[in-house]
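Each remark here refers to the structure printed beneath this line.
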Amino acid sequence: MSEKKEALFSKKNRKLMTDPLDGSNPISVQVLGICSALAITVQVEQAFVMSLAVMAVLLFGNMIVSAMRNLIPSRIRIIVQLVIVAALVILVNELLKAFMPDVSEKLSVFVGLIITNCIIMGRLEAFALGNKVWPSLLDAVGNSIGYGWILVVVAFFRELFGSGKIFGLQIIPESFYEAGYMNNNMMILPPMALITVALIIWAQRSRNTDLIEEN
Amino acid sequence: MQDLVNIFVKSVFIDNMIFAYFLGMCSYLAVSKTVKTAVGLGTAVIFVLGITVPINYLLENFVLKAGALAWVPFVDLADVDLSFLSFIMFIAVIASMVQLVEMIVEKVSPALYGALGIFLPLIAVNCSILGGALFMQERQYSTIAEATAFGLGSGFGWLLAIVAIAAIREKIRYSNVPAPLRGLGITFIITGLMGIAFMSFMGIQL
């Protein structure tokens with residue numbers, strides 16, 4: 001650990017935040033947190049609220065675990081992390097129920113499933129346990145935005161083609177429907193979420209050929 | 001009895017954990033490279049779901065639900081609602097059950113431990129286990145037998161999904177997939193297609 005004081009937004013710290021947006025994106029590269037990413041992307045609103053919920057849990061979880069990293073015995077660290085995360089998720093769930101009851105209804109069990117969302121445990125294990133509070137905070141911001149943008153993009157396409165709406169507002173004009181345009185109901189069904197994510201991965205890896213895997 | 005079979009079949013095919021709800025996707029993608037390991041993890045998931053869902057069912061109905069504490073004698077707890085605690089209780093049950101199952105299996109059957117051992121710790125953070133508990137809570141099964149049938153069915157559906165994708169991935173290694181889709185991308189697309197195939201089970205009733 002270097003004793004020299006680092007600037008708050010030094011190059012290294014900025015990299016912590018920008019890397020997860022693309023090159024080490026939690027969903028398309030690290031393959032973390034897929035479960036929830038696919039299930040709640042039927043509408044942009046749900047995806048947006050879900051990203052915010054994950055962001056809140058990841059931010060505080062990363063900060064708390066990082067602050068306690070020297071106190072947690074490594075044998076029981078998984079349980080300790082689960083308890084911290086579960087407590088945060090309960091808070092988020094109660095807030096959602098109180099202020100956004102209809103979105104909370106639609107997200108149903110998936111708010112609770114943030115507890116076992118691999119992105120949370122993955123970042124806590126891989127980063128927060130070995131780093132100071134400030135870098136952990138930046139890492140959490142970067143990863144949750146990296147997670148969020150994929151969610152919102154997937155939801156954008158699914159809602160646009162599936163029901164012709166964005167954020168519940170009609171985007172595709174009535175005259176299109178009169179001319180014979182039809183919503184693609186396929187997009188609302190669960191399997192299309194997988195295929196949309198696959199297309200994003202395809203686009204990302206064609207651009208950034210370092211990420212291509214061996215067959 | 002027919003009800004139970006119906007719940008079982010429904011949770012294997014129609015409400016399949018992977019294809020309908022994407023639960024347990026992380027381990028599904030990570031451990032599906034060969035059929036052998038896929039069978040190991042799938043069996044462990046059936047095992048743990050079959051144990052934790054009934055336990056969480058008891059917990060839900062005798063401790064957590066609104067009015068569930070009415071059975072306690074001497075003190076009046078009939079209007080206590082602890083349901084906000086359910087996440088933390090469920091995950092605690094799951095984590096400790098996984099630990100317990102691991103210890104018991106190690107003592108009783110070293111052969112089974114050899115096969116499942118490395119997968120058991122992974123399962124504590126598999127979304128399908130907590131998902132099973134939360135769906136059980138949301139759907140309000142009326143007896144413990146129904147909850148168990150649901151747990152075993154979901155586990156079996158999960159095994160089916162991961163073994164199928166592992167078999168396909170073993171074969172796809174020999175085909176010419178576009179480079180950027182190799183690995184993760186093509187697995188997603190295949191899972192999507194399998195999900196579409198599974199949707200044809202919709203509406204099956206026994």
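Please note that chains go A, B, ... in the order of the structure tokens, that every chain numbers its residues from 1, and that ligands are numbered from 1 in the order shown.
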Practice item. Select residues of chain A: the criterion is any atom within 8 Å of an atom of chain B, counting only C-alpha atoms; output as a PyMOL selection string. Key: chain A and resi 31-36+38-39+79+82-83+86-87+90+94+109+112-113+116-118+190-195+197-199+201-203+205-206+209+211-215
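The protein and nucleic acid residues lying at most 12 Å from B:Leu100 are B:Val48, B:Ile51, B:Thr52, B:Val93, B:Ile94, B:Ala95, B:Val105, B:Glu106, B:Lys107, B:Leu120, B:Pro121, B:Ala124, with only C-alpha atoms considered and sequence neighbours fewer than 5 positions away removed.
Between atom CA of A:Val152 and atom CA of A:Ile119 lies a distance of 16.6 Å.
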Practice item. Would you please extract all alpha helix (DSSP H) residues from stretch 4-165 of chain A, as assigned by DSSP on the backbone, and give them as a VMD selection string? Key: chain A and resid 11 to 18 34 to 39 44 to 67 77 to 99 101 to 107 109 to 112 118 to 126 133 to 163
Can you list, as a PDB file with N, CA and C atoms, in the first residue's frame, every residue of stretch 39-186 of chain A that DSSP puts in strand (DSSP E or B)?
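Here's the written file out.pdb:
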ATOM      1  N   LYS A 165     -43.869   1.427 -26.886  1.00  0.00           N
ATOM      2  CA  LYS A 165     -43.847   2.497 -25.894  1.00  0.00           C
ATOM      3  C   LYS A 165     -42.442   2.634 -25.308  1.00  0.00           C
ATOM      4  N   ILE A 166     -42.181   3.822 -24.731  1.00  0.00           N
ATOM      5  CA  ILE A 166     -40.975   4.000 -23.925  1.00  0.00           C
ATOM      6  C   ILE A 166     -41.421   4.676 -22.647  1.00  0.00           C
ATOM      7  N   LEU A 169     -44.974   5.677 -22.491  1.00  0.00           N
ATOM      8  CA  LEU A 169     -45.548   6.652 -23.423  1.00  0.00           C
ATOM      9  C   LEU A 169     -45.541   6.056 -24.831  1.00  0.00           C
ATOM     10  N   GLN A 170     -46.621   6.263 -25.562  1.00  0.00           N
ATOM     11  CA  GLN A 170     -46.699   5.720 -26.915  1.00  0.00           C
ATOM     12  C   GLN A 170     -45.677   6.429 -27.811  1.00  0.00           C
TER      13      GLN A 170
END
Point to revise | Which residue of A:Leu160, A:Ala155, A:Ile145, A:Met186 approaches A:Ala47 most closely, using only C-alpha atoms | key: A:Ala155
**Study point:** For A:Glu174: contacts at 12 Å, only C-alpha atoms, fewer than 6 positions along chain excluded, given as number ranges by chain
**Key:** A: 164-165, 180-183
Study note, to complete from the structure: Atom pair atom CA of A:Lys97 + atom CA of A:Val111, distance 10.5 Å
**Study point:** Spatial neighbours of B:Ile168, max dist 10 Å, only C-alpha atoms, sep filter under 2 positions, as a count of residues only
**Key:** 15
Point to revise | Residue among A:Ala37, A:Ser108, A:Asn25, A:Gly130 lying closest to A:Thr196, counting only C-alpha atoms | key: A:Ala37
